[in-house]
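Asks: Okay, handing you the structure first.
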Amino acid sequence: MPQVGEPAHGTGSPYPPSFCKSMPETPNRQSKFNLQGAQFAGGLVNADSVNAHQIGGDITNYNQVGQTEANNSAVKTILILAANPKNSLPLRLGEEVREIDAALQRAKKRELFDLKQRSAVRVQEVYQSLLDFKPQIVHFSGHGTGDDGLALEDETGNVRLVDTQALARLFELFASQIQCVVLNACYSEVQAQAIVKHIPYVIGMNKQIGDQAAIKFATAFYKALGAGESVEFAYKLGCNVIQLEGIPEYLTPVLKKK
């Protein structure tokens, strides 16, 4: 369970007042990199389709012009899908995206990762993003409700729960390209168990997880991948970093393997 006074990073129900009170956002950090020409929407996304202030600063395109053809063929696309419906407790999703972006900027093999992001996602934006970006890694950040599904947004920005089996069947359609799915939301082990029937590696949360633990896990996970480590190693490091920080939720992330 989260520490006293800490918000849950997607709790068992997406509706207040069952959420814990959110902690304030940390100050925005500005990147020194040039956004012009970048192809991304939050991490590495299309600059025409995102306002950088949404995630607290400019974003970097790691897939720079001049990269060798060999490197281009090895690039893995990471797609971050974030949802924080307006009738749910605010989460520190902006900070999570910034920390992941910063981790990859500093990574030894940063040129091998292309980070893209979509926020306030609705159902149609999930499958459209999978079609557009063809990612190898999909990262969902938001609220989870266990058996009731993951919380996306409807046309008005309110909670839209997505059925677990329907979500699993969606990933089945993209199984030839997706290698790993990270569900950084409370009680998402249910969805992980369903999705792993089609995807080699899926990470979910077996109970409620606080914002701090969720962000620490994600940051360490992508630092490890950026250093060339395996998904399994990255998962173990993420859990260990939660424990090193003195947060008692280091057993909350669970890795499922096909």
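How things are named: the first chain in the structure tokens is A, the next is B, and so on; residues count from 1 in each chain; ligands count from 1 in the order shown.
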Write out as a PyMOL selection string the residues lying within 6 Å of Gly149 (chain A), counting only C-alpha atoms and excluding same-chain residues fewer than 2 positions away.
Replies: chain A and resi 145-147+161-164
Asks: How would the residues just picked look written out with N, CA and C atoms as a PDB file, in the first residue's frame?
Replies:
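Okay, again06.pdb is ready:
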ATOM      1  N   THR A 145      -8.442  -0.500 -12.258  1.00  0.00           N
ATOM      2  CA  THR A 145      -9.531  -0.868 -11.341  1.00  0.00           C
ATOM      3  C   THR A 145      -9.667  -2.379 -11.180  1.00  0.00           C
ATOM      4  N   GLY A 146      -8.604  -3.111 -11.498  1.00  0.00           N
ATOM      5  CA  GLY A 146      -8.683  -4.561 -11.358  1.00  0.00           C
ATOM      6  C   GLY A 146      -9.591  -5.188 -12.404  1.00  0.00           C
ATOM      7  N   ASP A 147     -10.532  -5.992 -11.951  1.00  0.00           N
ATOM      8  CA  ASP A 147     -11.418  -6.720 -12.867  1.00  0.00           C
ATOM      9  C   ASP A 147     -12.251  -5.802 -13.750  1.00  0.00           C
ATOM     10  N   LEU A 161     -14.002   2.903 -18.761  1.00  0.00           N
ATOM     11  CA  LEU A 161     -13.318   1.666 -18.403  1.00  0.00           C
ATOM     12  C   LEU A 161     -13.244   0.733 -19.611  1.00  0.00           C
ATOM     13  N   VAL A 162     -12.062   0.162 -19.828  1.00  0.00           N
ATOM     14  CA  VAL A 162     -11.839  -0.725 -20.966  1.00  0.00           C
ATOM     15  C   VAL A 162     -11.779  -2.166 -20.482  1.00  0.00           C
ATOM     16  N   ASP A 163     -12.623  -3.007 -21.069  1.00  0.00           N
ATOM     17  CA  ASP A 163     -12.728  -4.412 -20.693  1.00  0.00           C
ATOM     18  C   ASP A 163     -11.390  -5.132 -20.895  1.00  0.00           C
ATOM     19  N   THR A 164     -11.037  -5.978 -19.940  1.00  0.00           N
ATOM     20  CA  THR A 164      -9.750  -6.666 -19.964  1.00  0.00           C
ATOM     21  C   THR A 164      -9.599  -7.569 -21.178  1.00  0.00           C
TER      22      THR A 164
END
Asks: I want to know what sits within 7 Å of region 212-227 of chain A, based on only C-alpha atoms, with residues of the same chain fewer than 3 positions away left out; could you give that as a PyMOL selection string?
Replies: chain A and resi 9+96+99-100+103-104+107-110+184+209+230-231+234-235+237-239+241-242+247+249
Asks: Could you write out the selected residues, including N, CA and C atoms, as a compact mmCIF listing (two decimals), in the first residue's frame?
Replies:
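Generated file (selection-v9.txt):
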# COMPACT_ATOMS: atom_id res chain seq x y z
N HIS A 9 -1.11 5.59 -7.58
CA HIS A 9 -0.88 5.79 -9.00
C HIS A 9 -1.91 4.98 -9.78
N GLU A 96 6.25 11.52 -14.58
CA GLU A 96 6.66 10.18 -15.02
C GLU A 96 7.24 10.23 -16.43
N GLU A 99 10.68 11.93 -16.43
CA GLU A 99 11.74 11.09 -15.88
C GLU A 99 12.15 9.99 -16.86
N ILE A 100 11.19 9.42 -17.55
CA ILE A 100 11.50 8.39 -18.56
C ILE A 100 12.31 9.02 -19.69
N ALA A 103 15.81 9.70 -18.51
CA ALA A 103 16.57 8.46 -18.37
C ALA A 103 17.11 8.00 -19.72
N LEU A 104 16.30 8.13 -20.76
CA LEU A 104 16.74 7.71 -22.09
C LEU A 104 17.72 8.71 -22.70
N ALA A 107 21.02 7.68 -21.49
CA ALA A 107 21.35 6.27 -21.67
C ALA A 107 22.51 6.08 -22.64
N LYS A 108 23.28 5.06 -22.38
CA LYS A 108 24.44 4.74 -23.23
C LYS A 108 24.01 4.43 -24.65
N LYS A 109 22.87 3.76 -24.79
CA LYS A 109 22.39 3.38 -26.12
C LYS A 109 21.11 4.14 -26.48
N ARG A 110 21.10 5.43 -26.19
CA ARG A 110 19.90 6.23 -26.39
C ARG A 110 19.46 6.29 -27.85
N ASN A 184 1.53 0.61 -15.78
CA ASN A 184 1.91 1.32 -14.55
C ASN A 184 0.65 1.93 -13.93
N ILE A 209 -0.58 1.12 -6.06
CA ILE A 209 0.80 1.59 -6.01
C ILE A 209 0.80 3.12 -5.99
N SER A 230 18.30 -6.54 -20.49
CA SER A 230 17.09 -7.25 -20.89
C SER A 230 15.87 -6.73 -20.13
N VAL A 231 14.68 -7.09 -20.60
CA VAL A 231 13.45 -6.72 -19.91
C VAL A 231 13.44 -7.29 -18.50
N ALA A 234 15.76 -5.29 -16.33
CA ALA A 234 15.19 -3.96 -16.10
C ALA A 234 14.07 -4.01 -15.07
N TYR A 235 13.24 -5.04 -15.15
CA TYR A 235 12.16 -5.22 -14.17
C TYR A 235 12.74 -5.40 -12.76
N LEU A 237 15.64 -4.47 -11.62
CA LEU A 237 16.25 -3.23 -11.15
C LEU A 237 15.17 -2.25 -10.70
N GLY A 238 14.08 -2.16 -11.46
CA GLY A 238 12.99 -1.26 -11.07
C GLY A 238 12.45 -1.58 -9.69
N CYS A 239 12.24 -2.86 -9.41
CA CYS A 239 11.76 -3.28 -8.09
C CYS A 239 12.78 -2.97 -7.01
N VAL A 241 15.11 -0.64 -7.02
CA VAL A 241 15.23 0.80 -6.78
C VAL A 241 14.11 1.28 -5.85
N ILE A 242 12.90 0.74 -6.01
CA ILE A 242 11.82 1.08 -5.08
C ILE A 242 12.25 0.74 -3.66
N ILE A 247 10.85 2.56 -0.04
CA ILE A 247 9.41 2.51 -0.31
C ILE A 247 8.96 1.05 -0.20
N GLU A 249 6.76 -0.75 -1.49
CA GLU A 249 5.95 -1.31 -2.57
C GLU A 249 6.78 -2.04 -3.62
Asks: Would you mind writing down, as a compact mmCIF listing (two decimals) with all heavy atoms, in the first residue's frame, each residue of region 75-207 of chain A that DSSP on the backbone assigns to alpha helix (DSSP H)?
Replies:
# COMPACT_ATOMS: atom_id res chain seq x y z
N LEU A 93 1.53 12.19 -13.87
CA LEU A 93 1.89 11.56 -15.14
C LEU A 93 2.93 12.38 -15.89
O LEU A 93 3.80 11.82 -16.56
CB LEU A 93 0.65 11.35 -16.00
CG LEU A 93 -0.50 10.55 -15.37
CD1 LEU A 93 -1.57 10.27 -16.41
CD2 LEU A 93 0.01 9.25 -14.77
N GLY A 94 2.83 13.70 -15.78
CA GLY A 94 3.81 14.55 -16.44
C GLY A 94 5.21 14.29 -15.93
O GLY A 94 6.17 14.21 -16.70
N GLU A 95 5.33 14.13 -14.63
CA GLU A 95 6.64 13.85 -14.04
C GLU A 95 7.15 12.49 -14.49
O GLU A 95 8.35 12.33 -14.77
CB GLU A 95 6.56 13.89 -12.51
CG GLU A 95 7.89 13.63 -11.84
CD GLU A 95 7.83 13.69 -10.33
OE1 GLU A 95 6.79 14.11 -9.78
OE2 GLU A 95 8.84 13.33 -9.69
N GLU A 96 6.25 11.52 -14.58
CA GLU A 96 6.66 10.18 -15.02
C GLU A 96 7.24 10.23 -16.43
O GLU A 96 8.29 9.65 -16.70
CB GLU A 96 5.47 9.22 -14.97
CG GLU A 96 5.82 7.80 -15.34
CD GLU A 96 4.66 6.84 -15.15
OE1 GLU A 96 3.66 7.23 -14.52
OE2 GLU A 96 4.75 5.71 -15.66
N VAL A 97 6.57 10.94 -17.33
CA VAL A 97 7.05 11.05 -18.71
C VAL A 97 8.39 11.77 -18.75
O VAL A 97 9.32 11.37 -19.46
CB VAL A 97 6.02 11.77 -19.60
CG1 VAL A 97 6.60 12.00 -21.00
CG2 VAL A 97 4.74 10.95 -19.69
N ARG A 98 8.53 12.85 -18.00
CA ARG A 98 9.79 13.59 -17.96
C ARG A 98 10.93 12.72 -17.48
O ARG A 98 12.04 12.77 -18.02
CB ARG A 98 9.66 14.84 -17.07
CG ARG A 98 8.83 15.95 -17.65
CD ARG A 98 9.06 17.26 -16.90
NE ARG A 98 8.76 17.16 -15.48
CZ ARG A 98 7.55 17.37 -14.97
NH1 ARG A 98 6.53 17.65 -15.76
NH2 ARG A 98 7.35 17.29 -13.66
N GLU A 99 10.68 11.93 -16.43
CA GLU A 99 11.74 11.09 -15.88
C GLU A 99 12.15 9.99 -16.86
O GLU A 99 13.33 9.64 -16.97
CB GLU A 99 11.29 10.49 -14.55
CG GLU A 99 11.16 11.50 -13.41
CD GLU A 99 12.47 12.20 -13.09
OE1 GLU A 99 13.53 11.57 -13.17
OE2 GLU A 99 12.43 13.41 -12.79
N ILE A 100 11.19 9.42 -17.55
CA ILE A 100 11.50 8.39 -18.56
C ILE A 100 12.31 9.02 -19.69
O ILE A 100 13.32 8.46 -20.15
CB ILE A 100 10.21 7.75 -19.10
CG1 ILE A 100 9.54 6.91 -18.01
CG2 ILE A 100 10.51 6.87 -20.32
CD1 ILE A 100 8.16 6.39 -18.38
N ASP A 101 11.88 10.18 -20.14
CA ASP A 101 12.59 10.90 -21.21
C ASP A 101 14.02 11.21 -20.79
O ASP A 101 14.97 10.99 -21.55
CB ASP A 101 11.83 12.17 -21.54
CG ASP A 101 12.52 13.00 -22.62
OD1 ASP A 101 12.67 12.49 -23.75
OD2 ASP A 101 12.91 14.15 -22.33
N ALA A 102 14.19 11.71 -19.57
CA ALA A 102 15.53 12.05 -19.08
C ALA A 102 16.40 10.81 -18.96
O ALA A 102 17.60 10.84 -19.26
CB ALA A 102 15.42 12.76 -17.73
N ALA A 103 15.81 9.70 -18.51
CA ALA A 103 16.57 8.46 -18.37
C ALA A 103 17.11 8.00 -19.72
O ALA A 103 18.26 7.55 -19.83
CB ALA A 103 15.69 7.37 -17.76
N LEU A 104 16.30 8.13 -20.76
CA LEU A 104 16.74 7.71 -22.09
C LEU A 104 17.72 8.71 -22.70
O LEU A 104 18.61 8.31 -23.45
CB LEU A 104 15.53 7.51 -23.00
CG LEU A 104 14.65 6.31 -22.63
CD1 LEU A 104 13.37 6.30 -23.46
CD2 LEU A 104 15.41 5.00 -22.82
N GLN A 105 17.57 9.98 -22.39
CA GLN A 105 18.53 10.98 -22.88
C GLN A 105 19.94 10.65 -22.41
O GLN A 105 20.91 10.83 -23.14
CB GLN A 105 18.15 12.38 -22.38
CG GLN A 105 16.98 13.01 -23.10
CD GLN A 105 16.78 14.44 -22.64
OE1 GLN A 105 17.75 15.17 -22.43
NE2 GLN A 105 15.54 14.84 -22.47
N VAL A 123 -10.21 5.36 -26.38
CA VAL A 123 -10.06 4.04 -26.99
C VAL A 123 -9.51 4.14 -28.39
O VAL A 123 -8.56 3.43 -28.76
CB VAL A 123 -11.41 3.29 -26.99
CG1 VAL A 123 -11.32 2.02 -27.83
CG2 VAL A 123 -11.83 2.94 -25.57
N GLN A 124 -10.08 5.01 -29.22
CA GLN A 124 -9.65 5.09 -30.61
C GLN A 124 -8.21 5.56 -30.74
O GLN A 124 -7.51 5.21 -31.71
CB GLN A 124 -10.57 6.00 -31.43
CG GLN A 124 -10.62 7.45 -30.99
CD GLN A 124 -11.75 7.71 -30.01
OE1 GLN A 124 -12.07 6.86 -29.18
NE2 GLN A 124 -12.37 8.89 -30.10
N GLU A 125 -7.73 6.34 -29.76
CA GLU A 125 -6.35 6.81 -29.82
C GLU A 125 -5.37 5.71 -29.45
O GLU A 125 -4.21 5.75 -29.87
CB GLU A 125 -6.19 8.02 -28.90
CG GLU A 125 -6.90 9.25 -29.45
CD GLU A 125 -7.16 10.32 -28.41
OE1 GLU A 125 -7.08 10.02 -27.20
OE2 GLU A 125 -7.45 11.44 -28.82
N VAL A 126 -5.82 4.73 -28.70
CA VAL A 126 -4.96 3.61 -28.37
C VAL A 126 -4.64 2.81 -29.63
O VAL A 126 -3.48 2.61 -29.99
CB VAL A 126 -5.60 2.69 -27.31
CG1 VAL A 126 -4.76 1.42 -27.13
CG2 VAL A 126 -5.75 3.42 -25.98
N TYR A 127 -5.66 2.36 -30.33
CA TYR A 127 -5.37 1.53 -31.51
C TYR A 127 -4.80 2.35 -32.66
O TYR A 127 -3.99 1.85 -33.45
CB TYR A 127 -6.58 0.71 -31.94
CG TYR A 127 -7.81 1.45 -32.40
CD1 TYR A 127 -7.88 2.03 -33.66
CD2 TYR A 127 -8.94 1.52 -31.59
CE1 TYR A 127 -9.02 2.69 -34.08
CE2 TYR A 127 -10.10 2.17 -32.01
CZ TYR A 127 -10.13 2.76 -33.26
OH TYR A 127 -11.26 3.40 -33.68
N GLN A 128 -5.18 3.64 -32.75
CA GLN A 128 -4.60 4.48 -33.79
C GLN A 128 -3.10 4.67 -33.56
O GLN A 128 -2.30 4.65 -34.51
CB GLN A 128 -5.29 5.84 -33.84
CG GLN A 128 -4.86 6.71 -35.02
CD GLN A 128 -5.22 6.11 -36.35
OE1 GLN A 128 -6.40 5.86 -36.63
NE2 GLN A 128 -4.22 5.84 -37.18
N SER A 129 -2.71 4.84 -32.30
CA SER A 129 -1.29 5.00 -31.99
C SER A 129 -0.50 3.72 -32.27
O SER A 129 0.64 3.78 -32.75
CB SER A 129 -1.12 5.39 -30.51
OG SER A 129 -1.71 6.65 -30.24
N LEU A 130 -1.11 2.58 -32.02
CA LEU A 130 -0.45 1.31 -32.34
C LEU A 130 -0.26 1.17 -33.84
O LEU A 130 0.77 0.68 -34.32
CB LEU A 130 -1.26 0.14 -31.80
CG LEU A 130 -1.39 0.05 -30.26
CD1 LEU A 130 -2.27 -1.12 -29.87
CD2 LEU A 130 -0.03 -0.05 -29.59
N LEU A 131 -1.25 1.61 -34.61
CA LEU A 131 -1.15 1.56 -36.07
C LEU A 131 -0.11 2.56 -36.58
O LEU A 131 0.68 2.24 -37.48
CB LEU A 131 -2.51 1.89 -36.69
CG LEU A 131 -3.60 0.84 -36.56
CD1 LEU A 131 -4.95 1.42 -36.98
CD2 LEU A 131 -3.27 -0.41 -37.40
N ASP A 132 -0.10 3.76 -36.02
CA ASP A 132 0.79 4.82 -36.51
C ASP A 132 2.25 4.56 -36.17
O ASP A 132 3.14 4.74 -37.02
CB ASP A 132 0.37 6.16 -35.92
CG ASP A 132 -0.95 6.67 -36.47
OD1 ASP A 132 -1.41 6.14 -37.50
OD2 ASP A 132 -1.52 7.59 -35.85
N PHE A 133 2.53 4.17 -34.93
CA PHE A 133 3.90 4.11 -34.45
C PHE A 133 4.52 2.73 -34.48
O PHE A 133 5.74 2.59 -34.42
CB PHE A 133 3.98 4.67 -33.02
CG PHE A 133 3.52 6.09 -32.91
CD1 PHE A 133 2.61 6.47 -31.94
CD2 PHE A 133 4.00 7.07 -33.77
CE1 PHE A 133 2.18 7.79 -31.83
CE2 PHE A 133 3.58 8.38 -33.68
CZ PHE A 133 2.67 8.74 -32.70
N THR A 164 -11.04 -5.98 -19.94
CA THR A 164 -9.75 -6.67 -19.96
C THR A 164 -9.60 -7.57 -21.18
O THR A 164 -8.56 -7.56 -21.86
CB THR A 164 -9.58 -7.50 -18.68
OG1 THR A 164 -9.55 -6.62 -17.56
CG2 THR A 164 -8.29 -8.31 -18.72
N GLN A 165 -10.60 -8.36 -21.48
CA GLN A 165 -10.49 -9.29 -22.61
C GLN A 165 -10.44 -8.55 -23.94
O GLN A 165 -9.73 -8.96 -24.87
CB GLN A 165 -11.65 -10.29 -22.57
CG GLN A 165 -11.61 -11.24 -21.38
CD GLN A 165 -10.28 -11.98 -21.27
OE1 GLN A 165 -9.73 -12.46 -22.27
NE2 GLN A 165 -9.74 -12.06 -20.05
N ALA A 166 -11.19 -7.46 -24.04
CA ALA A 166 -11.14 -6.66 -25.27
C ALA A 166 -9.75 -6.07 -25.46
O ALA A 166 -9.22 -6.03 -26.58
CB ALA A 166 -12.19 -5.56 -25.21
N LEU A 167 -9.14 -5.62 -24.38
CA LEU A 167 -7.80 -5.06 -24.44
C LEU A 167 -6.79 -6.13 -24.84
O LEU A 167 -5.90 -5.89 -25.67
CB LEU A 167 -7.43 -4.47 -23.08
CG LEU A 167 -6.13 -3.67 -23.00
CD1 LEU A 167 -6.20 -2.42 -23.88
CD2 LEU A 167 -5.84 -3.28 -21.56
N ALA A 168 -6.93 -7.33 -24.28
CA ALA A 168 -6.03 -8.43 -24.62
C ALA A 168 -6.15 -8.79 -26.10
O ALA A 168 -5.14 -9.06 -26.78
CB ALA A 168 -6.34 -9.64 -23.75
N ARG A 169 -7.36 -8.79 -26.62
CA ARG A 169 -7.55 -9.11 -28.04
C ARG A 169 -6.94 -8.04 -28.94
O ARG A 169 -6.46 -8.34 -30.05
CB ARG A 169 -9.02 -9.31 -28.35
CG ARG A 169 -9.56 -10.66 -27.87
CD ARG A 169 -10.92 -10.97 -28.46
NE ARG A 169 -11.97 -10.14 -27.89
CZ ARG A 169 -12.65 -10.46 -26.79
NH1 ARG A 169 -12.39 -11.60 -26.16
NH2 ARG A 169 -13.61 -9.67 -26.34
N LEU A 170 -6.98 -6.78 -28.48
CA LEU A 170 -6.33 -5.72 -29.24
C LEU A 170 -4.83 -5.98 -29.34
O LEU A 170 -4.24 -5.90 -30.44
CB LEU A 170 -6.58 -4.37 -28.58
CG LEU A 170 -5.84 -3.18 -29.21
CD1 LEU A 170 -6.30 -2.94 -30.65
CD2 LEU A 170 -6.04 -1.91 -28.37
N PHE A 171 -4.20 -6.32 -28.23
CA PHE A 171 -2.77 -6.59 -28.26
C PHE A 171 -2.45 -7.85 -29.07
O PHE A 171 -1.38 -7.95 -29.68
CB PHE A 171 -2.22 -6.71 -26.84
CG PHE A 171 -1.95 -5.38 -26.20
CD1 PHE A 171 -2.80 -4.87 -25.22
CD2 PHE A 171 -0.86 -4.63 -26.58
CE1 PHE A 171 -2.55 -3.64 -24.64
CE2 PHE A 171 -0.60 -3.39 -26.00
CZ PHE A 171 -1.45 -2.89 -25.03
N GLU A 172 -3.37 -8.77 -29.11
CA GLU A 172 -3.17 -9.97 -29.93
C GLU A 172 -2.99 -9.59 -31.41
O GLU A 172 -2.19 -10.18 -32.13
CB GLU A 172 -4.36 -10.91 -29.78
CG GLU A 172 -4.21 -12.20 -30.57
CD GLU A 172 -5.40 -13.13 -30.41
OE1 GLU A 172 -6.42 -12.70 -29.82
OE2 GLU A 172 -5.32 -14.29 -30.88
N LEU A 173 -3.73 -8.58 -31.85
CA LEU A 173 -3.65 -8.14 -33.24
C LEU A 173 -2.27 -7.55 -33.57
O LEU A 173 -1.85 -7.55 -34.73
CB LEU A 173 -4.73 -7.10 -33.53
CG LEU A 173 -6.18 -7.59 -33.47
CD1 LEU A 173 -7.15 -6.42 -33.64
CD2 LEU A 173 -6.43 -8.65 -34.54
N GLU A 189 -2.50 -6.20 -12.63
CA GLU A 189 -2.05 -7.57 -12.83
C GLU A 189 -3.10 -8.38 -13.59
O GLU A 189 -2.77 -9.28 -14.37
CB GLU A 189 -1.73 -8.26 -11.51
CG GLU A 189 -1.18 -9.67 -11.67
CD GLU A 189 -0.87 -10.36 -10.36
OE1 GLU A 189 -1.27 -9.83 -9.30
OE2 GLU A 189 -0.21 -11.41 -10.38
N VAL A 190 -4.38 -8.05 -13.39
CA VAL A 190 -5.46 -8.74 -14.09
C VAL A 190 -5.29 -8.58 -15.60
O VAL A 190 -5.37 -9.56 -16.36
CB VAL A 190 -6.83 -8.18 -13.65
CG1 VAL A 190 -7.95 -8.83 -14.45
CG2 VAL A 190 -7.04 -8.38 -12.16
N GLN A 191 -5.04 -7.37 -16.05
CA GLN A 191 -4.84 -7.12 -17.47
C GLN A 191 -3.54 -7.75 -17.97
O GLN A 191 -3.48 -8.27 -19.08
CB GLN A 191 -4.84 -5.62 -17.75
CG GLN A 191 -6.19 -4.95 -17.65
CD GLN A 191 -6.68 -4.77 -16.22
OE1 GLN A 191 -5.89 -4.45 -15.32
NE2 GLN A 191 -7.96 -4.98 -15.98
N ALA A 192 -2.50 -7.69 -17.14
CA ALA A 192 -1.22 -8.28 -17.53
C ALA A 192 -1.35 -9.77 -17.79
O ALA A 192 -0.79 -10.31 -18.75
CB ALA A 192 -0.17 -8.02 -16.44
N GLN A 193 -2.12 -10.44 -16.93
CA GLN A 193 -2.31 -11.88 -17.07
C GLN A 193 -3.02 -12.22 -18.38
O GLN A 193 -2.72 -13.24 -19.02
CB GLN A 193 -3.12 -12.42 -15.89
CG GLN A 193 -3.17 -13.94 -15.80
CD GLN A 193 -1.80 -14.56 -15.58
OE1 GLN A 193 -1.09 -14.21 -14.62
NE2 GLN A 193 -1.39 -15.44 -16.47
N ALA A 194 -3.92 -11.38 -18.81
CA ALA A 194 -4.65 -11.62 -20.06
C ALA A 194 -3.79 -11.28 -21.28
O ALA A 194 -3.78 -12.02 -22.27
CB ALA A 194 -5.94 -10.80 -20.07
N ILE A 195 -3.05 -10.19 -21.20
CA ILE A 195 -2.25 -9.73 -22.35
C ILE A 195 -1.06 -10.64 -22.60
O ILE A 195 -0.65 -10.85 -23.75
CB ILE A 195 -1.80 -8.28 -22.12
CG1 ILE A 195 -3.01 -7.34 -22.10
CG2 ILE A 195 -0.80 -7.82 -23.18
CD1 ILE A 195 -2.70 -5.92 -21.66
Asks: Considering only C-alpha atoms, state which residue in the set A:Pro85, A:Gly144, A:Pro90, A:Leu79 is at the smallest distance from Arg118 (chain A).
Replies: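 Ranked by minimum distance to Arg118 (chain A), first place goes to A:Leu79.
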Asks: Write out as a list in words each polymer residue whose atoms come within 6 Å of Leu152 (chain A), counting only C-alpha atoms; drop sequence neighbours fewer than 4 positions from it.
Replies: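 Everything that qualifies: Ala83, Arg122, Val159 and Arg160 of chain A.
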Asks: So the first atom is CA of Gly228 (chain A) and the second is CA of Phe113 (chain A); what is the distance between them in Å, to one decimal place?
Replies: 10.5 Å
Asks: Which residues of region 75-115 of chain A sit at most 10 Å from region 175-179 of chain A, using only C-alpha atoms? Give each one's shortest atom pair and distance in Å (one decimal place), in chain and ascending residue order, as a tab-separated table.
Replies:
residue	atom	partner	partner_atom	distance
A:Lys76	CA	A:Gln179	CA	9.8
A:Thr77	CA	A:Ile178	CA	9.5
A:Ile78	CA	A:Ile178	CA	9.7
Asks: If I take CA of Gln208 (chain A) and CA of Asp114 (chain A), how far is one from the other in Å, to one decimal?
Replies: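 It comes out at 29.7 Å.
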Asks: Taking only C-alpha atoms into account, name the residue in A:Pro200, A:Leu150, A:Leu255, A:Ile80 that is nearest to Lys116 (chain A).
Replies: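 Among the listed residues, the smallest separation from Lys116 (chain A) belongs to A:Ile80.
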